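The next block is query36.tsv, given as TSV, N, CA and C atoms.
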chain	number	residue	atom	x	y	z
A	23	MET	N	-101.91	-51.08	33.23
A	23	MET	CA	-101.42	-49.72	33.04
A	23	MET	C	-99.91	-49.73	33.23
A	24	PRO	N	-99.15	-49.24	32.27
A	24	PRO	CA	-97.70	-49.17	32.43
A	24	PRO	C	-97.30	-48.12	33.46
A	25	SER	N	-96.12	-48.30	34.04
A	25	SER	CA	-95.58	-47.36	35.02
A	25	SER	C	-94.39	-46.62	34.42
A	26	LEU	N	-94.14	-45.44	34.94
A	26	LEU	CA	-92.97	-44.67	34.53
A	26	LEU	C	-91.97	-44.63	35.68
A	27	ASP	N	-90.70	-44.81	35.34
A	27	ASP	CA	-89.69	-44.77	36.40
A	27	ASP	C	-89.09	-43.39	36.54
A	28	THR	N	-88.22	-43.25	37.51
A	28	THR	CA	-87.59	-41.97	37.82
A	28	THR	C	-86.85	-41.40	36.62
A	29	ASN	N	-86.10	-42.23	35.91
A	29	ASN	CA	-85.32	-41.72	34.78
A	29	ASN	C	-86.21	-41.13	33.70
A	30	VAL	N	-87.35	-41.74	33.45
A	30	VAL	CA	-88.28	-41.21	32.45
A	30	VAL	C	-88.80	-39.85	32.91
A	31	LEU	N	-89.17	-39.75	34.18
A	31	LEU	CA	-89.66	-38.47	34.70
A	31	LEU	C	-88.58	-37.39	34.60
A	32	LEU	N	-87.36	-37.75	34.97
A	32	LEU	CA	-86.28	-36.77	34.94
A	32	LEU	C	-85.97	-36.30	33.53
A	33	ARG	N	-85.86	-37.22	32.59
A	33	ARG	CA	-85.55	-36.83	31.20
A	33	ARG	C	-86.63	-35.90	30.67
A	34	TRP	N	-87.88	-36.16	31.04
A	34	TRP	CA	-89.00	-35.35	30.57
A	34	TRP	C	-88.98	-33.97	31.23
A	35	LEU	N	-88.72	-33.92	32.53
A	35	LEU	CA	-88.78	-32.66	33.26
A	35	LEU	C	-87.59	-31.75	32.96
A	36	ILE	N	-86.38	-32.31	32.91
A	36	ILE	CA	-85.21	-31.44	32.74
A	36	ILE	C	-84.76	-31.32	31.29
A	37	GLN	N	-85.28	-32.16	30.43
A	37	GLN	CA	-85.04	-32.06	28.99
A	37	GLN	C	-83.56	-31.99	28.65
A	38	ASP	N	-82.76	-32.79	29.34
A	38	ASP	CA	-81.31	-32.77	29.12
A	38	ASP	C	-80.84	-33.74	28.04
A	39	VAL	N	-81.69	-34.68	27.67
A	39	VAL	CA	-81.38	-35.62	26.59
A	39	VAL	C	-82.52	-35.49	25.58
A	40	PRO	N	-82.36	-34.61	24.57
A	40	PRO	CA	-83.48	-34.26	23.69
A	40	PRO	C	-84.20	-35.46	23.07
A	41	GLU	N	-83.48	-36.48	22.64
A	41	GLU	CA	-84.16	-37.62	22.03
A	41	GLU	C	-85.01	-38.39	23.03
A	42	GLN	N	-84.57	-38.47	24.28
A	42	GLN	CA	-85.37	-39.14	25.30
A	42	GLN	C	-86.56	-38.28	25.72
A	43	THR	N	-86.35	-36.98	25.80
A	43	THR	CA	-87.46	-36.07	26.10
A	43	THR	C	-88.54	-36.22	25.04
A	44	ALA	N	-88.12	-36.29	23.78
A	44	ALA	CA	-89.07	-36.45	22.67
A	44	ALA	C	-89.82	-37.78	22.78
A	45	GLN	N	-89.12	-38.83	23.19
A	45	GLN	CA	-89.78	-40.13	23.35
A	45	GLN	C	-90.87	-40.05	24.42
A	46	VAL	N	-90.56	-39.40	25.53
A	46	VAL	CA	-91.55	-39.27	26.60
A	46	VAL	C	-92.71	-38.39	26.14
A	47	ASP	N	-92.40	-37.29	25.46
A	47	ASP	CA	-93.47	-36.43	24.92
A	47	ASP	C	-94.40	-37.24	24.02
A	48	ASP	N	-93.82	-38.05	23.13
A	48	ASP	CA	-94.62	-38.88	22.23
A	48	ASP	C	-95.46	-39.88	23.00
A	49	LEU	N	-94.87	-40.52	23.99
A	49	LEU	CA	-95.58	-41.51	24.80
A	49	LEU	C	-96.79	-40.87	25.49
A	50	LEU	N	-96.58	-39.73	26.11
A	50	LEU	CA	-97.65	-39.07	26.85
A	50	LEU	C	-98.74	-38.53	25.91
A	51	ALA	N	-98.35	-38.17	24.70
A	51	ALA	CA	-99.31	-37.62	23.73
A	51	ALA	C	-100.21	-38.70	23.13
A	52	ARG	N	-99.86	-39.96	23.27
A	52	ARG	CA	-100.65	-41.04	22.68
A	52	ARG	C	-101.99	-41.25	23.36
A	53	GLY	N	-102.19	-40.68	24.53
A	53	GLY	CA	-103.50	-40.74	25.16
A	53	GLY	C	-103.69	-41.84	26.18
A	54	GLY	N	-102.65	-42.60	26.51
A	54	GLY	CA	-102.78	-43.63	27.53
A	54	GLY	C	-102.64	-43.04	28.93
A	55	ARG	N	-102.74	-43.92	29.90
A	55	ARG	CA	-102.51	-43.53	31.30
A	55	ARG	C	-101.30	-44.28	31.80
A	56	PHE	N	-100.56	-43.63	32.70
A	56	PHE	CA	-99.31	-44.19	33.19
A	56	PHE	C	-99.22	-44.01	34.70
A	57	ARG	N	-98.96	-45.09	35.37
A	57	ARG	CA	-98.82	-45.07	36.83
A	57	ARG	C	-97.46	-44.48	37.19
A	58	VAL	N	-97.45	-43.62	38.20
A	58	VAL	CA	-96.21	-43.08	38.74
A	58	VAL	C	-96.21	-43.39	40.23
A	59	ASP	N	-95.29	-44.22	40.65
A	59	ASP	CA	-95.21	-44.61	42.05
A	59	ASP	C	-94.65	-43.46	42.89
A	60	ASP	N	-95.09	-43.38	44.13
A	60	ASP	CA	-94.61	-42.34	45.03
A	60	ASP	C	-93.09	-42.34	45.15
A	61	VAL	N	-92.49	-43.52	45.17
A	61	VAL	CA	-91.03	-43.61	45.28
A	61	VAL	C	-90.35	-42.94	44.08
A	62	ALA	N	-90.92	-43.09	42.89
A	62	ALA	CA	-90.34	-42.44	41.71
A	62	ALA	C	-90.40	-40.92	41.84
A	63	ILE	N	-91.47	-40.40	42.41
A	63	ILE	CA	-91.57	-38.95	42.60
A	63	ILE	C	-90.57	-38.49	43.65
A	64	ILE	N	-90.46	-39.22	44.75
A	64	ILE	CA	-89.50	-38.87	45.80
A	64	ILE	C	-88.08	-38.89	45.23
A	65	GLU	N	-87.74	-39.92	44.46
A	65	GLU	CA	-86.41	-39.98	43.84
A	65	GLU	C	-86.20	-38.82	42.88
A	66	THR	N	-87.21	-38.47	42.12
A	66	THR	CA	-87.11	-37.36	41.18
A	66	THR	C	-86.80	-36.07	41.92
A	67	VAL	N	-87.52	-35.81	43.00
A	67	VAL	CA	-87.26	-34.62	43.81
A	67	VAL	C	-85.84	-34.64	44.35
A	68	PHE	N	-85.40	-35.78	44.85
A	68	PHE	CA	-84.05	-35.90	45.39
A	68	PHE	C	-83.00	-35.54	44.33
A	69	VAL	N	-83.14	-36.09	43.14
A	69	VAL	CA	-82.17	-35.81	42.08
A	69	VAL	C	-82.20	-34.33	41.69
A	70	LEU	N	-83.39	-33.78	41.53
A	70	LEU	CA	-83.49	-32.38	41.14
A	70	LEU	C	-82.87	-31.46	42.19
A	71	GLU	N	-83.12	-31.76	43.46
A	71	GLU	CA	-82.63	-30.91	44.53
A	71	GLU	C	-81.16	-31.15	44.85
A	72	ARG	N	-80.80	-32.40	45.08
A	72	ARG	CA	-79.47	-32.70	45.62
A	72	ARG	C	-78.41	-32.90	44.54
A	73	VAL	N	-78.78	-33.50	43.42
A	73	VAL	CA	-77.81	-33.76	42.36
A	73	VAL	C	-77.73	-32.57	41.41
A	74	MET	N	-78.88	-32.10	40.97
A	74	MET	CA	-78.92	-31.00	40.00
A	74	MET	C	-78.81	-29.63	40.67
A	75	LYS	N	-78.98	-29.61	42.01
A	75	LYS	CA	-78.86	-28.38	42.81
A	75	LYS	C	-79.87	-27.30	42.42
A	76	LEU	N	-81.08	-27.74	42.05
A	76	LEU	CA	-82.14	-26.79	41.72
A	76	LEU	C	-82.77	-26.26	43.00
A	77	SER	N	-83.30	-25.06	42.94
A	77	SER	CA	-83.95	-24.46	44.11
A	77	SER	C	-85.24	-25.22	44.43
A	78	ARG	N	-85.68	-25.08	45.65
A	78	ARG	CA	-86.94	-25.71	46.05
A	78	ARG	C	-88.10	-25.17	45.22
A	79	ARG	N	-88.08	-23.91	44.90
A	79	ARG	CA	-89.15	-23.34	44.08
A	79	ARG	C	-89.17	-24.00	42.70
A	80	THR	N	-87.99	-24.19	42.11
A	80	THR	CA	-87.90	-24.84	40.80
A	80	THR	C	-88.35	-26.29	40.88
A	81	VAL	N	-87.94	-26.98	41.93
A	81	VAL	CA	-88.37	-28.37	42.12
A	81	VAL	C	-89.88	-28.41	42.35
A	82	GLY	N	-90.39	-27.47	43.12
A	82	GLY	CA	-91.84	-27.37	43.32
A	82	GLY	C	-92.58	-27.16	42.01
A	83	ASP	N	-92.00	-26.34	41.13
A	83	ASP	CA	-92.60	-26.14	39.81
A	83	ASP	C	-92.62	-27.45	39.02
A	84	SER	N	-91.57	-28.25	39.15
A	84	SER	CA	-91.53	-29.56	38.47
A	84	SER	C	-92.62	-30.48	39.02
A	85	LEU	N	-92.83	-30.44	40.33
A	85	LEU	CA	-93.92	-31.22	40.91
A	85	LEU	C	-95.26	-30.77	40.36
A	86	GLU	N	-95.42	-29.47	40.19
A	86	GLU	CA	-96.66	-28.94	39.62
A	86	GLU	C	-96.88	-29.45	38.19
A	87	VAL	N	-95.81	-29.58	37.43
A	87	VAL	CA	-95.92	-30.14	36.07
A	87	VAL	C	-96.47	-31.56	36.15
A	88	LEU	N	-95.91	-32.37	37.05
A	88	LEU	CA	-96.40	-33.74	37.20
A	88	LEU	C	-97.87	-33.74	37.62
A	89	ILE	N	-98.20	-32.93	38.61
A	89	ILE	CA	-99.56	-32.87	39.14
A	89	ILE	C	-100.56	-32.46	38.05
A	90	SER	N	-100.15	-31.58	37.16
A	90	SER	CA	-101.06	-31.08	36.14
A	90	SER	C	-101.12	-31.95	34.89
A	91	THR	N	-100.34	-33.01	34.84
A	91	THR	CA	-100.33	-33.89	33.67
A	91	THR	C	-101.37	-34.99	33.86
A	92	ALA	N	-102.49	-34.85	33.17
A	92	ALA	CA	-103.66	-35.69	33.41
A	92	ALA	C	-103.43	-37.17	33.18
A	93	CYS	N	-102.54	-37.55	32.30
A	93	CYS	CA	-102.36	-38.98	31.99
A	93	CYS	C	-101.49	-39.71	33.01
A	94	LEU	N	-100.97	-39.00	34.00
A	94	LEU	CA	-100.17	-39.63	35.05
A	94	LEU	C	-101.08	-39.98	36.21
A	95	ASP	N	-100.95	-41.21	36.70
A	95	ASP	CA	-101.83	-41.74	37.73
A	95	ASP	C	-101.07	-41.85	39.05
A	96	PHE	N	-101.41	-40.97	39.99
A	96	PHE	CA	-100.88	-40.99	41.35
A	96	PHE	C	-101.81	-40.12	42.19
A	97	ASP	N	-101.59	-40.06	43.48
A	97	ASP	CA	-102.47	-39.31	44.38
A	97	ASP	C	-102.17	-37.82	44.28
A	98	ARG	N	-102.87	-37.14	43.38
A	98	ARG	CA	-102.64	-35.71	43.14
A	98	ARG	C	-102.93	-34.85	44.37
A	99	ARG	N	-103.98	-35.17	45.09
A	99	ARG	CA	-104.32	-34.38	46.27
A	99	ARG	C	-103.16	-34.43	47.27
A	100	LEU	N	-102.63	-35.62	47.53
A	100	LEU	CA	-101.51	-35.77	48.45
A	100	LEU	C	-100.28	-35.03	47.93
A	101	TRP	N	-99.95	-35.23	46.66
A	101	TRP	CA	-98.73	-34.62	46.13
A	101	TRP	C	-98.85	-33.11	45.99
A	102	ASN	N	-100.03	-32.60	45.81
A	102	ASN	CA	-100.21	-31.15	45.82
A	102	ASN	C	-99.88	-30.60	47.20
A	103	GLU	N	-100.36	-31.27	48.23
A	103	GLU	CA	-100.07	-30.84	49.60
A	103	GLU	C	-98.58	-31.01	49.92
A	104	ILE	N	-97.99	-32.11	49.46
A	104	ILE	CA	-96.55	-32.32	49.67
A	104	ILE	C	-95.76	-31.20	49.00
A	105	ALA	N	-96.12	-30.87	47.75
A	105	ALA	CA	-95.39	-29.83	47.02
A	105	ALA	C	-95.47	-28.49	47.75
A	106	GLN	N	-96.63	-28.15	48.24
A	106	GLN	CA	-96.78	-26.88	48.97
A	106	GLN	C	-95.94	-26.87	50.24
A	107	SER	N	-95.97	-27.97	50.99
A	107	SER	CA	-95.21	-28.06	52.23
A	107	SER	C	-93.71	-28.08	51.94
A	108	TYR	N	-93.32	-28.76	50.88
A	108	TYR	CA	-91.91	-28.86	50.49
A	108	TYR	C	-91.32	-27.47	50.20
A	109	VAL	N	-92.06	-26.65	49.48
A	109	VAL	CA	-91.59	-25.30	49.15
A	109	VAL	C	-91.61	-24.41	50.40
A	110	ALA	N	-92.62	-24.56	51.24
A	110	ALA	CA	-92.78	-23.71	52.42
A	110	ALA	C	-91.79	-24.04	53.54
A	111	HIS	N	-91.29	-25.27	53.57
A	111	HIS	CA	-90.43	-25.70	54.68
A	111	HIS	C	-89.11	-26.23	54.14
A	112	PRO	N	-88.17	-25.34	53.84
A	112	PRO	CA	-86.93	-25.74	53.17
A	112	PRO	C	-85.99	-26.62	53.99
A	113	LYS	N	-86.24	-26.78	55.26
A	113	LYS	CA	-85.37	-27.62	56.08
A	113	LYS	C	-85.87	-29.06	56.19
A	114	VAL	N	-87.05	-29.35	55.63
A	114	VAL	CA	-87.65	-30.67	55.76
A	114	VAL	C	-87.60	-31.38	54.40
A	115	SER	N	-87.16	-32.62	54.41
A	115	SER	CA	-87.04	-33.37	53.16
A	115	SER	C	-88.41	-33.79	52.62
A	116	VAL	N	-88.45	-34.00	51.32
A	116	VAL	CA	-89.69	-34.46	50.69
A	116	VAL	C	-90.10	-35.82	51.24
A	117	ALA	N	-89.13	-36.68	51.54
A	117	ALA	CA	-89.45	-38.00	52.09
A	117	ALA	C	-90.12	-37.88	53.45
A	118	ASP	N	-89.61	-36.98	54.30
A	118	ASP	CA	-90.22	-36.79	55.62
A	118	ASP	C	-91.62	-36.21	55.51
A	119	ILE	N	-91.80	-35.25	54.61
A	119	ILE	CA	-93.13	-34.68	54.40
A	119	ILE	C	-94.09	-35.77	53.93
A	120	PHE	N	-93.65	-36.58	52.98
A	120	PHE	CA	-94.46	-37.68	52.48
A	120	PHE	C	-94.87	-38.62	53.63
A	121	LEU	N	-93.90	-39.03	54.44
A	121	LEU	CA	-94.20	-39.95	55.55
A	121	LEU	C	-95.22	-39.36	56.52
A	122	ALA	N	-95.05	-38.09	56.87
A	122	ALA	CA	-95.96	-37.46	57.83
A	122	ALA	C	-97.37	-37.34	57.26
A	123	LEU	N	-97.48	-36.93	56.01
A	123	LEU	CA	-98.82	-36.75	55.44
A	123	LEU	C	-99.50	-38.09	55.15
A	124	ARG	N	-98.74	-39.09	54.74
A	124	ARG	CA	-99.32	-40.42	54.56
A	124	ARG	C	-99.78	-41.01	55.89
A	125	ALA	N	-99.00	-40.80	56.94
A	125	ALA	CA	-99.40	-41.27	58.26
A	125	ALA	C	-100.69	-40.59	58.68
A	126	ARG	N	-100.75	-39.30	58.48
A	126	ARG	CA	-101.97	-38.54	58.82
A	126	ARG	C	-103.16	-39.05	58.04
A	127	ASP	N	-103.00	-39.20	56.73
A	127	ASP	CA	-104.11	-39.63	55.89
A	127	ASP	C	-104.54	-41.07	56.19
A	128	GLY	N	-103.60	-41.88	56.64
A	128	GLY	CA	-103.91	-43.27	56.96
A	128	GLY	C	-104.39	-43.48	58.38
A	129	GLY	N	-104.50	-42.40	59.15
A	129	GLY	CA	-104.96	-42.50	60.52
A	129	GLY	C	-103.91	-43.03	61.48
A	130	ALA	N	-102.65	-43.08	61.03
A	130	ALA	CA	-101.56	-43.59	61.87
A	130	ALA	C	-100.77	-42.40	62.41
A	131	VAL	N	-101.48	-41.54	63.14
A	131	VAL	CA	-100.85	-40.33	63.65
A	131	VAL	C	-100.72	-40.40	65.16
A	132	PRO	N	-99.75	-39.73	65.64
A	132	PRO	CA	-98.78	-38.97	64.86
A	132	PRO	C	-97.67	-39.87	64.33
A	133	LEU	N	-96.95	-39.37	63.33
A	133	LEU	CA	-95.70	-39.97	62.90
A	133	LEU	C	-94.67	-39.53	63.93
A	134	LEU	N	-94.18	-40.48	64.70
A	134	LEU	CA	-93.24	-40.14	65.77
A	134	LEU	C	-91.84	-40.01	65.19
A	135	THR	N	-91.15	-38.97	65.62
A	135	THR	CA	-89.84	-38.67	65.07
A	135	THR	C	-88.96	-38.00	66.12
A	136	PHE	N	-87.66	-38.05	65.91
A	136	PHE	CA	-86.72	-37.26	66.70
A	136	PHE	C	-86.35	-35.98	65.96
A	137	ASP	N	-86.87	-35.80	64.76
A	137	ASP	CA	-86.56	-34.65	63.90
A	137	ASP	C	-87.43	-33.47	64.32
A	138	GLN	N	-86.82	-32.52	65.03
A	138	GLN	CA	-87.56	-31.36	65.54
A	138	GLN	C	-88.12	-30.51	64.41
A	139	LYS	N	-87.37	-30.37	63.31
A	139	LYS	CA	-87.87	-29.57	62.18
A	139	LYS	C	-89.13	-30.19	61.60
A	140	LEU	N	-89.11	-31.49	61.41
A	140	LEU	CA	-90.27	-32.19	60.87
A	140	LEU	C	-91.47	-32.03	61.81
A	141	ALA	N	-91.26	-32.31	63.08
A	141	ALA	CA	-92.36	-32.25	64.05
A	141	ALA	C	-92.93	-30.85	64.18
A	142	GLY	N	-92.11	-29.85	64.03
A	142	GLY	CA	-92.57	-28.48	64.20
A	142	GLY	C	-93.19	-27.86	62.96
A	143	GLN	N	-93.02	-28.49	61.81
A	143	GLN	CA	-93.45	-27.84	60.57
A	143	GLN	C	-94.45	-28.61	59.73
A	144	VAL	N	-94.64	-29.89	59.98
A	144	VAL	CA	-95.50	-30.70	59.12
A	144	VAL	C	-96.60	-31.35	59.94
A	145	ASP	N	-97.86	-31.14	59.53
A	145	ASP	CA	-99.00	-31.76	60.18
A	145	ASP	C	-98.82	-33.27	60.20
A	146	GLY	N	-99.16	-33.87	61.31
A	146	GLY	CA	-99.12	-35.32	61.41
A	146	GLY	C	-97.83	-35.85	62.01
A	147	ALA	N	-96.85	-35.00	62.27
A	147	ALA	CA	-95.59	-35.44	62.87
A	147	ALA	C	-95.48	-34.88	64.28
A	148	ALA	N	-94.88	-35.68	65.17
A	148	ALA	CA	-94.70	-35.25	66.55
A	148	ALA	C	-93.40	-35.82	67.09
A	149	LEU	N	-92.79	-35.08	67.99
A	149	LEU	CA	-91.56	-35.55	68.61
A	149	LEU	C	-91.83	-36.74	69.52
A	150	LEU	N	-90.96	-37.70	69.44
A	150	LEU	CA	-90.99	-38.84	70.36
A	150	LEU	C	-90.27	-38.38	71.62
A	151	THR	N	-91.02	-38.30	72.70
A	151	THR	CA	-90.42	-37.81	73.96
A	151	THR	C	-90.48	-38.85	75.03
As structure tokens, the full file:
Amino acid sequence: MPSLDTNVLLRWLIQDVPEQTAQVDDLLARGGRFRVDDVAIIETVFVLERVMKLSRRTVGDSLEVLISTACLDFDRRLWNEIAQSYVAHPKVSVADIFLALRARDGGAVPLLTFDQKLAGQVDGAALLT
């Protein structure tokens, strides 16, 4: 199964390079399946939020597009929860939310942190005291 990188996801989501957006549209329409690594999604969120300066709600909507695209292969249940937490907790990074929820799901809880915002807002994280 081929994988898609961050640049492919970004071109498709923000449609800023029409010919590349069309290439991705064509690729996805062919009916194959494509692996999307968690790191590519985290990088995509980072670029949308920090570089493009999009609101968390807009970035959350982009995550919903990925989640609803059936031919993309990644942990939808996890990313749906991450997307909800990301929009609900604007002071916590997507990477921190990902780490806390993966730790929780993997039974490696709590995720110990010095980040009070993370520990106070995301299940599976706790302050190291």
Requested in this report: Give as a list in words each residue that has an atom at most 9 Å from (-94.7, -41.3, 63.9) in the file, counting only C-alpha atoms.
Outcome: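 Applying the cut-off with only C-alpha atoms, one gets Leu121, Ala122, Ala125, Ala130, Val131, Pro132, Leu133, Leu134, Thr135, Gly146, Ala147, Ala148, Leu149 and Leu150 of chain A.
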Query - Pick from A:Trp34, A:Pro112, A:Val39, A:Ala92, whichever lies nearest to Arg78 in chain A using all atoms listed in the file - result: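 Among the listed residues, the smallest separation from Arg78 in chain A belongs to A:Pro112.
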**Report entry** Exercise: range 98-101 of chain A partners within 8 Å, all atoms listed in the file, chain neighbours under 6 positions left out, as number ranges by chain
**Finding:** A: 85-86, 88-90, 107, 120, 123-124
Residues from last step as file, N, CA and C atoms, as a PDB file, in the frame of the given file:
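The result, written out as out.pdb:
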ATOM      1  N   LEU A  85     -92.830 -30.440  40.330  1.00  0.00           N
ATOM      2  CA  LEU A  85     -93.920 -31.220  40.910  1.00  0.00           C
ATOM      3  C   LEU A  85     -95.260 -30.770  40.360  1.00  0.00           C
ATOM      4  N   GLU A  86     -95.420 -29.470  40.190  1.00  0.00           N
ATOM      5  CA  GLU A  86     -96.660 -28.940  39.620  1.00  0.00           C
ATOM      6  C   GLU A  86     -96.880 -29.450  38.190  1.00  0.00           C
ATOM      7  N   LEU A  88     -95.910 -32.370  37.050  1.00  0.00           N
ATOM      8  CA  LEU A  88     -96.400 -33.740  37.200  1.00  0.00           C
ATOM      9  C   LEU A  88     -97.870 -33.740  37.620  1.00  0.00           C
ATOM     10  N   ILE A  89     -98.200 -32.930  38.610  1.00  0.00           N
ATOM     11  CA  ILE A  89     -99.560 -32.870  39.140  1.00  0.00           C
ATOM     12  C   ILE A  89    -100.560 -32.460  38.050  1.00  0.00           C
ATOM     13  N   SER A  90    -100.150 -31.580  37.160  1.00  0.00           N
ATOM     14  CA  SER A  90    -101.060 -31.080  36.140  1.00  0.00           C
ATOM     15  C   SER A  90    -101.120 -31.950  34.890  1.00  0.00           C
ATOM     16  N   SER A 107     -95.970 -27.970  50.990  1.00  0.00           N
ATOM     17  CA  SER A 107     -95.210 -28.060  52.230  1.00  0.00           C
ATOM     18  C   SER A 107     -93.710 -28.080  51.940  1.00  0.00           C
ATOM     19  N   PHE A 120     -93.650 -36.580  52.980  1.00  0.00           N
ATOM     20  CA  PHE A 120     -94.460 -37.680  52.480  1.00  0.00           C
ATOM     21  C   PHE A 120     -94.870 -38.620  53.630  1.00  0.00           C
ATOM     22  N   LEU A 123     -97.480 -36.930  56.010  1.00  0.00           N
ATOM     23  CA  LEU A 123     -98.820 -36.750  55.440  1.00  0.00           C
ATOM     24  C   LEU A 123     -99.500 -38.090  55.150  1.00  0.00           C
ATOM     25  N   ARG A 124     -98.740 -39.090  54.740  1.00  0.00           N
ATOM     26  CA  ARG A 124     -99.320 -40.420  54.560  1.00  0.00           C
ATOM     27  C   ARG A 124     -99.780 -41.010  55.890  1.00  0.00           C
TER      28      ARG A 124
END
Report task. Counting only N, CA and C atoms, note down every residue that has an atom within 8 Å of the point (-88.7, -35.7, 36.3) (file coordinates), as a PyMOL selection string. Result -> chain A and resi 27-37+62-63+65-67+70+84-85+88
Requested in this report: Identify all residues of range 23-137 of chain A in strand (DSSP E) (DSSP on the backbone) and supply them as an MDAnalysis selection string.
Outcome: chainID A and resid 56:57 94:95 133:135
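In this model, the gap between CA of Glu103 in chain A and CA of Asp127 in chain A comes to 11.5 Å.
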Please tabulate, as CSV, the residues of range 63-151 of chain A that come within 10 Å of range 46-53 of chain A, each with its closest pair of atoms and the distance in Å to one decimal, counting only C-alpha atoms and ordering rows by chain, then residue number upward.
residue,atom,partner,partner_atom,distance
A:Thr91,CA,A:Leu50,CA,9.0
A:Ala92,CA,A:Leu50,CA,9.5
A:Cys93,CA,A:Leu50,CA,7.0
A:Leu94,CA,A:Leu50,CA,8.6
For the selection just defined, write its residues with N, CA and C atoms to a file, as a PDB file, in the frame of the given file.
ATOM      1  N   THR A  91    -100.340 -33.010  34.840  1.00  0.00           N
ATOM      2  CA  THR A  91    -100.330 -33.890  33.670  1.00  0.00           C
ATOM      3  C   THR A  91    -101.370 -34.990  33.860  1.00  0.00           C
ATOM      4  N   ALA A  92    -102.490 -34.850  33.170  1.00  0.00           N
ATOM      5  CA  ALA A  92    -103.660 -35.690  33.410  1.00  0.00           C
ATOM      6  C   ALA A  92    -103.430 -37.170  33.180  1.00  0.00           C
ATOM      7  N   CYS A  93    -102.540 -37.550  32.300  1.00  0.00           N
ATOM      8  CA  CYS A  93    -102.360 -38.980  31.990  1.00  0.00           C
ATOM      9  C   CYS A  93    -101.490 -39.710  33.010  1.00  0.00           C
ATOM     10  N   LEU A  94    -100.970 -39.000  34.000  1.00  0.00           N
ATOM     11  CA  LEU A  94    -100.170 -39.630  35.050  1.00  0.00           C
ATOM     12  C   LEU A  94    -101.080 -39.980  36.210  1.00  0.00           C
TER      13      LEU A  94
END
Query - Coordinates-based distance that separates atom N of Glu41 in chain A from atom C of Val116 in chain A (Å, one decimal) - result: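 Atom-to-atom, atom C of Val116 in chain A to atom N of Glu41 in chain A, that is 29.4 Å.
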Query raised in the report: So how far away is CA of Asp118 in chain A from atom C of Asp137 in chain A, in Å?
Result: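 One can read the atom C of Asp137 in chain A to CA of Asp118 in chain A distance as 9.7 Å.
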**Report entry** Backbone DSSP call of helix (DSSP H, G or I) for chain A, listed as a count of residues only
**Finding:** 79
Query raised in the report: Looking at only C-alpha atoms, which of A:Glu71, A:Pro40, A:Ser77, A:Pro24 is the one that sits closest to Asp59 in chain A?
Result: A:Pro24
Query raised in the report: Looking at A:Ala110, A:Ile104, A:Ala117, A:Val61, which one is nearest to Arg79 in chain A, with distances taken over all atoms listed in the file?
Result: A:Ala110
